[in-house]
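K.L.:
Coordinates in start-v4.txt, compact mmCIF, C-alpha atoms and all ligand atoms, are listed below.
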```
# COMPACT_ATOMS: atom_id res chain seq x y z
CA MET A 2 138.54 154.19 30.84
CA THR A 3 138.65 156.11 27.59
CA ALA A 4 135.41 157.90 26.86
CA THR A 5 133.32 157.45 23.74
CA VAL A 6 133.48 160.70 21.82
CA ILE A 7 130.00 162.00 21.02
CA ASP A 8 130.47 163.45 17.56
CA GLY A 9 128.27 166.55 17.43
CA LYS A 10 129.43 167.45 13.96
CA ALA A 11 128.23 164.15 12.49
CA PHE A 12 125.04 164.21 14.57
CA ALA A 13 124.26 167.76 13.45
CA ALA A 14 124.76 166.78 9.81
CA LYS A 15 122.25 163.97 10.35
CA VAL A 16 119.73 166.38 11.93
CA ARG A 17 120.19 168.86 9.07
CA GLY A 18 119.60 165.99 6.64
CA GLN A 19 116.32 165.16 8.40
CA VAL A 20 115.33 168.83 8.26
CA ALA A 21 116.17 169.04 4.56
CA LYS A 22 113.98 165.99 3.90
CA GLY A 23 111.12 167.57 5.84
CA VAL A 24 111.52 170.84 3.95
CA ALA A 25 111.49 169.05 0.57
CA LYS A 26 108.33 167.15 1.58
CA LEU A 27 106.59 170.37 2.65
CA GLN A 28 107.42 172.04 -0.62
CA GLU A 29 106.41 169.04 -2.72
CA GLU A 30 103.18 168.23 -0.95
CA GLN A 31 102.03 171.63 0.29
CA GLY A 32 103.94 174.17 -1.78
CA ILE A 33 105.27 175.70 1.44
CA ILE A 34 108.86 176.88 1.99
CA PRO A 35 109.79 177.49 5.63
CA GLY A 36 111.30 180.95 6.17
CA LEU A 37 113.74 181.98 8.91
CA ALA A 38 114.30 185.68 9.58
CA VAL A 39 117.46 186.65 11.44
CA VAL A 40 117.78 190.18 12.82
CA LEU A 41 121.23 191.54 13.62
CA VAL A 42 121.67 194.94 15.23
CA GLY A 43 125.17 196.42 15.04
CA GLU A 44 128.44 194.93 13.89
CA ASP A 45 129.66 192.67 16.67
CA PRO A 46 132.18 190.45 14.82
CA ALA A 47 131.21 187.18 16.57
CA SER A 48 127.51 187.84 15.90
CA GLN A 49 128.26 188.56 12.24
CA VAL A 50 130.00 185.19 11.94
CA TYR A 51 127.06 183.37 13.59
CA VAL A 52 124.52 185.13 11.38
CA ARG A 53 126.48 184.34 8.22
CA SER A 54 126.75 180.70 9.11
CA LYS A 55 123.05 180.51 10.07
CA GLY A 56 122.09 182.06 6.73
CA LYS A 57 124.25 179.60 4.80
CA MET A 58 122.89 176.52 6.58
CA THR A 59 119.29 177.74 6.33
CA ALA A 60 119.68 177.94 2.55
CA GLU A 61 121.43 174.55 2.44
CA VAL A 62 118.41 172.75 3.93
CA GLY A 63 116.16 174.44 1.36
CA MET A 64 114.60 177.07 3.61
CA LYS A 65 114.26 180.74 2.82
CA SER A 66 116.81 182.80 4.74
CA ILE A 67 115.82 186.41 5.42
CA GLU A 68 118.46 188.66 6.97
CA HIS A 69 117.85 192.10 8.45
CA LYS A 70 121.05 193.93 9.35
CA LEU A 71 120.29 197.08 11.30
CA ASP A 72 122.51 199.96 12.26
CA VAL A 73 123.93 199.87 15.81
CA GLN A 74 121.99 203.10 16.55
CA THR A 75 118.61 201.56 15.61
CA SER A 76 115.91 202.73 18.02
CA GLU A 77 113.82 200.31 20.06
CA ALA A 78 110.69 201.56 18.28
CA ASP A 79 112.17 200.76 14.86
CA LEU A 80 113.30 197.30 15.97
CA LEU A 81 109.88 196.54 17.47
CA ALA A 82 108.22 197.73 14.24
CA LEU A 83 110.38 195.30 12.23
CA ILE A 84 109.51 192.43 14.57
CA ASP A 85 105.82 193.31 14.25
CA GLN A 86 106.17 193.19 10.47
CA LEU A 87 107.89 189.77 10.64
CA ASN A 88 105.26 188.48 13.11
CA ASN A 89 102.61 189.31 10.52
CA ASP A 90 104.46 187.97 7.48
CA PRO A 91 103.07 184.53 6.55
CA ALA A 92 106.29 183.66 4.67
CA VAL A 93 108.27 183.96 7.93
CA HIS A 94 107.94 180.95 10.25
CA GLY A 95 110.89 181.60 12.53
CA ILE A 96 112.32 184.85 13.91
CA LEU A 97 115.67 185.09 15.65
CA VAL A 98 117.07 188.30 17.10
CA GLN A 99 120.82 187.84 17.48
CA LEU A 100 121.97 188.52 21.05
CA PRO A 101 123.60 190.40 22.65
CA LEU A 102 121.79 193.58 21.61
CA PRO A 103 123.41 197.00 22.04
CA ASP A 104 122.94 198.42 25.55
CA HIS A 105 120.24 200.95 24.64
CA LEU A 106 117.87 198.12 23.62
CA ASP A 107 115.89 196.13 26.20
CA SER A 108 116.52 192.48 25.26
CA ASP A 109 113.62 191.12 27.33
CA LEU A 110 111.18 193.56 25.76
CA VAL A 111 112.46 192.78 22.26
CA ILE A 112 112.39 188.98 22.70
CA ASN A 113 108.93 189.10 24.27
CA SER A 114 107.63 191.06 21.28
CA ILE A 115 108.29 188.07 18.97
CA ASP A 116 105.23 185.92 18.23
CA PRO A 117 105.87 182.91 20.54
CA ALA A 118 104.92 180.55 17.71
CA LYS A 119 107.79 182.02 15.64
CA ASP A 120 110.25 182.25 18.55
CA VAL A 121 112.67 179.60 17.26
CA ASP A 122 115.23 180.46 19.96
CA GLY A 123 112.65 179.52 22.61
CA PHE A 124 113.47 182.57 24.74
CA HIS A 125 109.98 184.18 24.82
CA ILE A 126 108.46 184.13 28.29
CA SER A 127 105.52 182.05 26.98
CA ASN A 128 107.84 179.36 25.69
CA VAL A 129 109.80 179.39 28.94
CA GLY A 130 106.52 178.85 30.82
CA LEU A 131 105.34 176.12 28.46
CA LEU A 132 108.65 174.25 28.78
CA GLY A 133 108.58 174.62 32.56
CA THR A 134 105.10 173.12 32.73
CA GLY A 135 105.86 170.27 30.34
CA GLN A 136 103.74 171.65 27.50
CA LYS A 137 104.55 171.82 23.81
CA SER A 138 106.82 174.81 23.23
CA MET A 139 109.70 176.13 21.19
CA VAL A 140 112.76 174.70 22.95
CA PRO A 141 116.06 176.66 23.16
CA CYS A 142 118.47 175.28 20.58
CA THR A 143 121.61 174.54 22.62
CA PRO A 144 119.81 172.57 25.37
CA LEU A 145 117.68 170.81 22.73
CA GLY A 146 120.81 169.74 20.84
CA SER A 147 122.42 168.56 24.07
CA LEU A 148 119.35 166.52 24.99
CA MET A 149 119.22 164.93 21.53
CA MET A 150 122.81 163.75 21.92
CA LEU A 151 122.11 162.39 25.41
CA ARG A 152 119.01 160.52 24.24
CA ASP A 153 120.90 159.14 21.27
CA HIS A 154 123.71 157.89 23.46
CA HIS A 155 121.69 156.53 26.40
CA GLY A 156 118.21 155.82 25.10
CA SER A 157 116.29 156.50 28.32
CA LEU A 158 117.66 159.03 30.82
CA SER A 159 115.10 158.07 33.44
CA GLY A 160 116.41 158.01 37.01
CA MET A 161 119.89 159.31 36.15
CA ASN A 162 121.56 161.95 38.32
CA ALA A 163 122.20 165.03 36.20
CA VAL A 164 124.22 168.06 37.28
CA VAL A 165 123.92 171.19 35.16
CA ILE A 166 126.65 173.73 35.91
CA GLY A 167 125.32 177.19 35.03
CA ARG A 168 121.91 178.78 35.53
CA SER A 169 121.56 181.06 32.52
CA ASN A 170 118.19 181.52 30.85
CA ILE A 171 119.53 180.39 27.50
CA VAL A 172 121.37 177.23 28.53
CA GLY A 173 121.43 176.16 32.20
CA LYS A 174 117.78 176.59 33.19
CA PRO A 175 116.15 175.16 30.04
CA MET A 176 118.68 172.29 30.06
CA ALA A 177 117.63 171.44 33.61
CA GLN A 178 113.94 171.55 32.60
CA LEU A 179 114.57 169.19 29.70
CA LEU A 180 116.47 166.72 31.87
CA LEU A 181 113.69 166.87 34.45
CA GLY A 182 111.22 166.22 31.63
CA ASP A 183 113.21 163.06 30.84
CA SER A 184 112.93 161.99 34.49
CA CYS A 185 116.48 162.72 35.63
CA THR A 186 117.17 163.82 39.18
CA VAL A 187 118.50 167.29 38.43
CA THR A 188 120.85 169.56 40.34
CA ILE A 189 121.60 173.06 39.04
CA ALA A 190 125.00 174.26 40.22
CA HIS A 191 126.25 177.82 39.78
CA SER A 192 128.85 180.34 40.89
CA ARG A 193 127.71 180.21 44.53
CA THR A 194 127.48 176.41 44.78
CA GLN A 195 129.54 175.07 47.65
CA ASP A 196 131.95 172.22 47.00
CA LEU A 197 131.12 172.05 43.31
CA GLU A 198 133.53 169.17 42.79
CA ALA A 199 131.64 166.97 45.22
CA VAL A 200 128.32 167.90 43.58
CA VAL A 201 129.65 167.06 40.11
CA ARG A 202 131.11 163.77 41.36
CA GLN A 203 127.56 162.52 42.07
CA ALA A 204 126.50 162.99 38.46
CA ASP A 205 125.78 160.34 35.84
CA ILE A 206 125.36 163.26 33.42
CA VAL A 207 127.33 166.50 33.67
CA VAL A 208 126.35 169.47 31.53
CA ALA A 209 128.88 172.30 31.80
CA ALA A 210 127.60 175.72 30.67
CA VAL A 211 129.80 178.16 32.54
CA GLY A 212 132.09 180.08 30.21
CA ARG A 213 135.28 179.25 32.16
CA PRO A 214 137.95 177.48 30.13
CA GLN A 215 138.73 173.91 31.26
CA MET A 216 137.25 174.48 34.73
CA VAL A 217 135.92 170.94 35.17
CA THR A 218 138.75 168.42 35.48
CA GLY A 219 138.79 164.64 35.32
CA ASN A 220 139.05 164.20 39.09
CA TRP A 221 135.56 165.80 39.42
CA ILE A 222 133.98 163.19 37.14
CA LYS A 223 132.38 159.97 38.34
CA PRO A 224 133.91 157.10 36.33
CA GLY A 225 131.69 156.30 33.36
CA ALA A 226 129.65 159.52 33.53
CA THR A 227 128.57 161.36 30.39
CA VAL A 228 129.99 164.86 29.96
CA ILE A 229 128.25 167.42 27.75
CA ASP A 230 130.54 170.41 27.37
CA VAL A 231 128.57 173.48 26.25
CA GLY A 232 131.35 176.00 26.89
CA ILE A 233 133.08 177.79 24.05
CA ASN A 234 136.17 179.66 25.20
CA ARG A 235 139.12 181.02 23.26
CA ILE A 236 142.50 180.65 24.96
CA ASP A 237 146.05 181.52 23.97
CA LYS A 238 148.25 178.74 22.63
CA PRO A 239 151.75 178.47 24.15
CA ASP A 240 153.34 178.93 20.73
CA GLY A 241 151.17 181.90 19.72
CA GLY A 242 147.67 182.14 18.26
CA THR A 243 144.51 180.95 19.99
CA ARG A 244 142.36 177.84 20.16
CA LEU A 245 138.84 176.95 21.28
CA VAL A 246 138.31 174.94 24.45
CA GLY A 247 135.27 173.99 26.46
CA ASP A 248 134.42 174.39 30.14
CA CYS A 249 135.83 170.90 30.72
CA ASP A 250 139.45 169.88 30.54
CA TYR A 251 139.01 167.44 27.67
CA GLU A 252 142.02 165.16 28.21
CA SER A 253 141.53 164.51 31.90
CA CYS A 254 137.71 164.25 31.66
CA ALA A 255 137.88 161.88 28.67
CA ALA A 256 140.18 159.60 30.66
CA VAL A 257 137.46 159.06 33.30
CA ALA A 258 134.11 159.68 31.58
CA GLY A 259 132.08 157.08 29.72
CA ALA A 260 131.22 159.56 26.97
CA ILE A 261 132.11 163.17 26.23
CA THR A 262 131.41 165.89 23.67
CA PRO A 263 134.52 167.61 22.26
CA VAL A 264 134.99 171.35 21.75
CA PRO A 265 134.87 172.24 18.93
CA GLY A 266 132.67 169.65 17.23
CA GLY A 267 130.29 168.78 20.06
CA VAL A 268 127.37 170.91 21.19
CA GLY A 269 128.22 173.86 18.90
CA PRO A 270 127.14 172.33 15.56
CA MET A 271 123.97 170.95 17.18
CA THR A 272 122.83 174.46 18.10
CA ILE A 273 122.40 175.62 14.49
CA ALA A 274 120.95 172.24 13.46
CA CYS A 275 118.32 172.64 16.17
CA LEU A 276 117.55 176.18 15.05
CA LEU A 277 116.70 174.75 11.62
CA ALA A 278 114.73 171.92 13.24
CA ASN A 279 112.76 174.48 15.29
CA THR A 280 112.00 176.51 12.16
CA LEU A 281 110.63 173.42 10.41
CA THR A 282 108.60 172.53 13.52
CA ALA A 283 107.21 176.10 13.69
CA CYS A 284 106.29 175.99 10.02
CA CYS A 285 104.46 172.65 10.40
CA ARG A 286 102.59 173.92 13.46
CA ALA A 287 101.64 177.18 11.72
CA ASN A 288 100.12 175.17 8.87
CA GLY A 289 98.37 172.60 11.04
CA LEU A 290 100.61 169.81 9.74
CA ALA A 291 102.16 166.88 11.61
CA GLU A 292 105.55 167.72 13.10
CA PRO A 293 108.54 165.76 11.85
CA GLU A 294 109.53 163.09 14.37
CA GLY A 295 112.64 163.32 16.52
CA LEU A 296 113.32 167.00 15.86
CA THR A 297 111.79 168.39 19.03
CA VAL A 298 110.79 167.16 22.49
P1 LIG B 1 126.30 182.89 31.29
O1 LIG B 1 127.49 183.72 31.55
O2 LIG B 1 124.98 183.52 31.03
O3 LIG B 1 126.10 181.88 32.52
C1 LIG B 1 127.19 181.25 33.11
C2 LIG B 1 126.72 180.50 34.33
O4 LIG B 1 127.86 179.89 34.92
C3 LIG B 1 126.09 181.38 35.39
O5 LIG B 1 124.82 180.87 35.71
C4 LIG B 1 127.03 181.27 36.60
O6 LIG B 1 126.33 181.15 37.82
C5 LIG B 1 127.80 180.02 36.32
N1 LIG B 1 129.15 180.13 36.83
C6 LIG B 1 130.05 181.12 36.64
N2 LIG B 1 131.20 180.86 37.30
C7 LIG B 1 131.03 179.68 37.91
C8 LIG B 1 131.84 178.88 38.74
N3 LIG B 1 133.08 179.25 39.08
N4 LIG B 1 131.34 177.73 39.19
C9 LIG B 1 130.10 177.32 38.87
N5 LIG B 1 129.28 178.04 38.08
C10 LIG B 1 129.74 179.19 37.62
O7 LIG B 1 126.72 181.90 30.11
P2 LIG B 1 125.84 181.05 29.06
O8 LIG B 1 125.24 181.98 28.07
O9 LIG B 1 124.97 180.09 29.78
O10 LIG B 1 127.01 180.25 28.32
C11 LIG B 1 127.85 179.37 29.03
C12 LIG B 1 128.94 178.87 28.10
O11 LIG B 1 128.33 178.18 27.03
C13 LIG B 1 129.78 179.96 27.44
O12 LIG B 1 131.10 179.46 27.26
C14 LIG B 1 129.14 180.15 26.08
O13 LIG B 1 130.04 180.63 25.11
C15 LIG B 1 128.72 178.74 25.78
N6 LIG B 1 127.58 178.62 24.87
C16 LIG B 1 127.71 177.72 23.87
C17 LIG B 1 126.68 177.53 22.99
C18 LIG B 1 126.84 176.50 21.92
O14 LIG B 1 126.21 176.58 20.88
N7 LIG B 1 127.68 175.49 22.13
C19 LIG B 1 125.49 178.26 23.10
C20 LIG B 1 125.36 179.15 24.17
C21 LIG B 1 126.43 179.31 25.05
```
What's the structure tokens form of this structure?
P.N.:
Amino acid sequence: MTATVIDGKAFAAKVRGQVAKGVAKLQEEQGIIPGLAVVLVGEDPASQVYVRSKGKMTAEVGMKSIEHKLDVQTSEADLLALIDQLNNDPAVHGILVQLPLPDHLDSDLVINSIDPAKDVDGFHISNVGLLGTGQKSMVPCTPLGSLMMLRDHHGSLSGMNAVVIGRSNIVGKPMAQLLLGDSCTVTIAHSRTQDLEAVVRQADIVVAAVGRPQMVTGNWIKPGATVIDVGINRIDKPDGGTRLVGDCDYESCAAVAGAITPVPGGVGPMTIACLLANTLTACCRANGLAEPEGLTV
């Protein structure tokens, strides 16, 4: 079997198009422009790239992009004061603090100081609790994007066996909650799971969020299963330079799976699209307006 390639780049462009339409409608009918504030502390090169690309795409869908770049030495008190200011700014509907933060800052404290209604990353403890209890919340972007692709490909996920590899708070756990919400039978595997291959072989849906290049190989995959590869890993090329690969060995998995997301061009582009979708959703909720359909769970 040769797997259907789930094109995250094209899907993300479609989601951004829907967001742009929603933003234009808000502005036309209500005179409201959704605003997304991104806070970056320090000069981590990867974070700078993410923030730049978030800012560009925010502007492209017609939203206001507000960037706060703070010195690496910024104190916790100063960062919390900025978040308080953004929480109280009616022009700001979404707040994202770029992680990782420098070591002297307590990430949990910082994230939990964001107004949960503006927590477009969905990492605030209130949103985690709401998601876990099946209530309306802000849903973390990477799992949300992954779920959108799965729903688009399969329609209903009800009754499917899903194995999520990885138990992080930002990907693995919320992904498992979302799949459970869609009535999958969910297994969360992790670094201490015994006989991971056998666990993965039971899965109709495999979501790999590990951070280990090409760890999952085709012989782990049940024929016809859907593989969502969240991993982003940079490896050396034999002839010099580097390239990006996922947590799944693409060639061997694609030979067995029914559908698969590539890296790059799979889950990655969906993450930023869902950040924009969450900002639009937050803005609609803040103004007591109907949420655009299909952009959240
Ligand atoms: P993390 O390091 O927080 O978590 C990794 C998880 O993998 C842990 O729960 C650990 O138990 C598990 N794990 C580690 N080794 C394992 C093994 N040998 N077998 C089974 N499980 C194992 O990572 P994360 O933040 O969840 O990110 C995971 C990957 O997803 C990374 O490659 C990251 O770059 C990528 N990522 C991509 C996006 C995106 O937009 N596509 C967003 C977030 C993260």
K.L.:
List as a PyMOL selection string the protein and nucleic acid residues near Gly269 (chain A), meaning an atom at most 12 Å away when only C-alpha atoms are counted, but skip any in the same chain fewer than 6 places from it.
P.N.:
chain A and resi 8-13+51+142-147+150+210+229-234+245-247+262-263+275-276
K.L.:
Write a file of the selected residues as a PDB file, in the frame of the given file, keeping C-alpha atoms.
P.N.:
```pdb
ATOM      1  CA  ASP A   8     130.470 163.450  17.560  1.00  0.00           C
ATOM      2  CA  GLY A   9     128.270 166.550  17.430  1.00  0.00           C
ATOM      3  CA  LYS A  10     129.430 167.450  13.960  1.00  0.00           C
ATOM      4  CA  ALA A  11     128.230 164.150  12.490  1.00  0.00           C
ATOM      5  CA  PHE A  12     125.040 164.210  14.570  1.00  0.00           C
ATOM      6  CA  ALA A  13     124.260 167.760  13.450  1.00  0.00           C
ATOM      7  CA  TYR A  51     127.060 183.370  13.590  1.00  0.00           C
ATOM      8  CA  CYS A 142     118.470 175.280  20.580  1.00  0.00           C
ATOM      9  CA  THR A 143     121.610 174.540  22.620  1.00  0.00           C
ATOM     10  CA  PRO A 144     119.810 172.570  25.370  1.00  0.00           C
ATOM     11  CA  LEU A 145     117.680 170.810  22.730  1.00  0.00           C
ATOM     12  CA  GLY A 146     120.810 169.740  20.840  1.00  0.00           C
ATOM     13  CA  SER A 147     122.420 168.560  24.070  1.00  0.00           C
ATOM     14  CA  MET A 150     122.810 163.750  21.920  1.00  0.00           C
ATOM     15  CA  ALA A 210     127.600 175.720  30.670  1.00  0.00           C
ATOM     16  CA  ILE A 229     128.250 167.420  27.750  1.00  0.00           C
ATOM     17  CA  ASP A 230     130.540 170.410  27.370  1.00  0.00           C
ATOM     18  CA  VAL A 231     128.570 173.480  26.250  1.00  0.00           C
ATOM     19  CA  GLY A 232     131.350 176.000  26.890  1.00  0.00           C
ATOM     20  CA  ILE A 233     133.080 177.790  24.050  1.00  0.00           C
ATOM     21  CA  ASN A 234     136.170 179.660  25.200  1.00  0.00           C
ATOM     22  CA  LEU A 245     138.840 176.950  21.280  1.00  0.00           C
ATOM     23  CA  VAL A 246     138.310 174.940  24.450  1.00  0.00           C
ATOM     24  CA  GLY A 247     135.270 173.990  26.460  1.00  0.00           C
ATOM     25  CA  THR A 262     131.410 165.890  23.670  1.00  0.00           C
ATOM     26  CA  PRO A 263     134.520 167.610  22.260  1.00  0.00           C
ATOM     27  CA  CYS A 275     118.320 172.640  16.170  1.00  0.00           C
ATOM     28  CA  LEU A 276     117.550 176.180  15.050  1.00  0.00           C
TER      29      LEU A 276
END
```
K.L.:
Residues within 8 Å of ligand LIG 1 (chain B) (all atoms listed in the file), as a PyMOL selection string?
P.N.:
chain A and resi 142-143+166-173+190-194+197+209-214+216+230-234+247-248+267-273
K.L.:
May I ask which of the residues A:Ser138, A:Pro46, A:Leu132, A:Asp153 is the closest one to Pro175 (chain A), counting all atoms listed in the file?
P.N.:
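Of all the options, A:Leu132 lies closest to Pro175 (chain A).
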K.L.:
Report, in Å to a single decimal, how far apart CA of Met161 (chain A) and CA of Thr186 (chain A) are.
P.N.:
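Going from CA of Thr186 (chain A) over to CA of Met161 (chain A), I get 6.1 Å.
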K.L.:
CA of His105 (chain A) to CA of Asn88 (chain A): how many Å, to one decimal?
P.N.:
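Going from CA of His105 (chain A) over to CA of Asn88 (chain A) covers 22.6 Å.
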K.L.:
With a distance cut-off of 9 Å and all atoms listed in the file, select the neighbouring residues of Arg244 (chain A), excluding the residue or stretch itself and same-chain residues fewer than 5 positions from it, and output the selection as an NGL selection string.
P.N.:
:A and (234-238)
K.L.:
For CA of Gly95 (chain A) and CA of Thr282 (chain A), quote the distance in Å rounded to one decimal.
P.N.:
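Those two atoms sit 9.4 Å apart.
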K.L.:
Excluding Val42 (chain A) and any residue of its chain fewer than 4 positions from it, enumerate the residues within 10 Å of it, using all atoms listed in the file, and give them as a list in words.
P.N.:
Ser48, Gln49, His69, Lys70, Leu71, Asp72, Val73, Gln74, Thr75, Leu80, Val98, Gln99, Leu100, Pro101, Leu102, Pro103 and Leu106 of chain A
K.L.:
Out of A:Glu30, A:Asp205, A:Asp196, A:Glu292, which residue has the shortest atom-to-atom distance to Leu158 (chain A) when counting only C-alpha atoms?
P.N.:
A:Asp205
K.L.:
From the list A:Ile222, A:Ala291, A:Ile67, A:Ile34, which residue is nearest Asp250 (chain A) when using all atoms listed in the file?
P.N.:
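Checking each candidate against Asp250 (chain A), we get A:Ile222 as the closest.
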K.L.:
Please, which residues are within 8 Å of (115.2, 163.3, 31.6) by the file's coordinates, counting all atoms listed in the file, and could they come as an mmCIF file with C-alpha atoms, keeping the file's coordinate frame?
P.N.:
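As written to disk, selection.cif reads:
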```cif
data_model
loop_
_atom_site.group_PDB
_atom_site.id
_atom_site.type_symbol
_atom_site.label_atom_id
_atom_site.label_comp_id
_atom_site.auth_asym_id
_atom_site.auth_seq_id
_atom_site.Cartn_x
_atom_site.Cartn_y
_atom_site.Cartn_z
ATOM 1 C CA SER A 157 116.290 156.500 28.320
ATOM 2 C CA LEU A 158 117.660 159.030 30.820
ATOM 3 C CA SER A 159 115.100 158.070 33.440
ATOM 4 C CA GLY A 160 116.410 158.010 37.010
ATOM 5 C CA MET A 161 119.890 159.310 36.150
ATOM 6 C CA LEU A 179 114.570 169.190 29.700
ATOM 7 C CA LEU A 180 116.470 166.720 31.870
ATOM 8 C CA LEU A 181 113.690 166.870 34.450
ATOM 9 C CA GLY A 182 111.220 166.220 31.630
ATOM 10 C CA ASP A 183 113.210 163.060 30.840
ATOM 11 C CA SER A 184 112.930 161.990 34.490
ATOM 12 C CA CYS A 185 116.480 162.720 35.630
ATOM 13 C CA THR A 186 117.170 163.820 39.180
#
```
K.L.:
Could you check which of A:Leu296, A:Cys285, A:Val200, A:Ala78 is closest to Gln28 (chain A), using only C-alpha atoms?
P.N.:
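Selected residue with least distance to Gln28 (chain A): A:Cys285.
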K.L.:
Using all atoms listed in the file, which residue out of A:Leu41, A:Met64, A:Ala226, A:Leu81 lies closest to His155 (chain A)?
P.N.:
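Answer, going by the shortest atom-to-atom distance: A:Ala226.
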K.L.:
I need the residue nearest Thr218 (chain A) from this list: A:Cys284, A:Ala274, A:Val165, A:Val257. Use all atoms listed in the file for the distance.
P.N.:
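The answer is A:Val257, which sits nearest to Thr218 (chain A).
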K.L.:
Could you complete region 245-251 of chain A so that it carries all heavy atoms, and give it back as a compact mmCIF listing (two decimals), in the frame of the given file?
P.N.:
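The result, stored in selection-v9.txt:
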```
# COMPACT_ATOMS: atom_id res chain seq x y z
N LEU A 245 140.10 177.05 20.54
CA LEU A 245 138.84 176.95 21.28
C LEU A 245 138.91 175.79 22.26
O LEU A 245 139.38 174.71 21.92
CB LEU A 245 137.68 176.68 20.32
CG LEU A 245 137.23 177.82 19.40
CD1 LEU A 245 136.03 177.37 18.58
CD2 LEU A 245 136.88 179.07 20.20
N VAL A 246 138.44 176.03 23.47
CA VAL A 246 138.31 174.94 24.45
C VAL A 246 136.96 175.07 25.14
O VAL A 246 136.31 176.12 25.11
CB VAL A 246 139.43 174.97 25.53
CG1 VAL A 246 140.80 174.74 24.91
CG2 VAL A 246 139.40 176.27 26.33
N GLY A 247 136.54 173.99 25.75
CA GLY A 247 135.27 173.99 26.46
C GLY A 247 135.42 174.41 27.92
O GLY A 247 136.46 174.93 28.33
N ASP A 248 134.38 174.14 28.69
CA ASP A 248 134.42 174.39 30.14
C ASP A 248 135.04 173.19 30.86
O ASP A 248 135.26 173.25 32.07
CB ASP A 248 133.01 174.62 30.67
CG ASP A 248 132.42 175.94 30.20
OD1 ASP A 248 133.21 176.82 29.80
OD2 ASP A 248 131.18 176.09 30.25
N CYS A 249 135.25 172.10 30.13
CA CYS A 249 135.83 170.90 30.72
C CYS A 249 137.24 170.70 30.16
O CYS A 249 137.48 170.97 28.98
CB CYS A 249 134.99 169.68 30.39
SG CYS A 249 133.29 169.84 30.98
N ASP A 250 138.11 170.21 31.00
CA ASP A 250 139.45 169.88 30.54
C ASP A 250 139.35 168.54 29.81
O ASP A 250 139.18 167.49 30.45
CB ASP A 250 140.40 169.79 31.74
CG ASP A 250 141.77 169.33 31.32
OD1 ASP A 250 142.33 169.93 30.39
OD2 ASP A 250 142.26 168.33 31.89
N TYR A 251 139.39 168.60 28.49
CA TYR A 251 139.01 167.44 27.67
C TYR A 251 139.84 166.20 28.01
O TYR A 251 139.29 165.12 28.25
CB TYR A 251 139.13 167.79 26.18
CG TYR A 251 138.64 166.68 25.30
CD1 TYR A 251 137.28 166.50 25.08
CD2 TYR A 251 139.52 165.77 24.73
CE1 TYR A 251 136.80 165.46 24.30
CE2 TYR A 251 139.05 164.72 23.94
CZ TYR A 251 137.69 164.57 23.73
OH TYR A 251 137.23 163.54 22.98
```
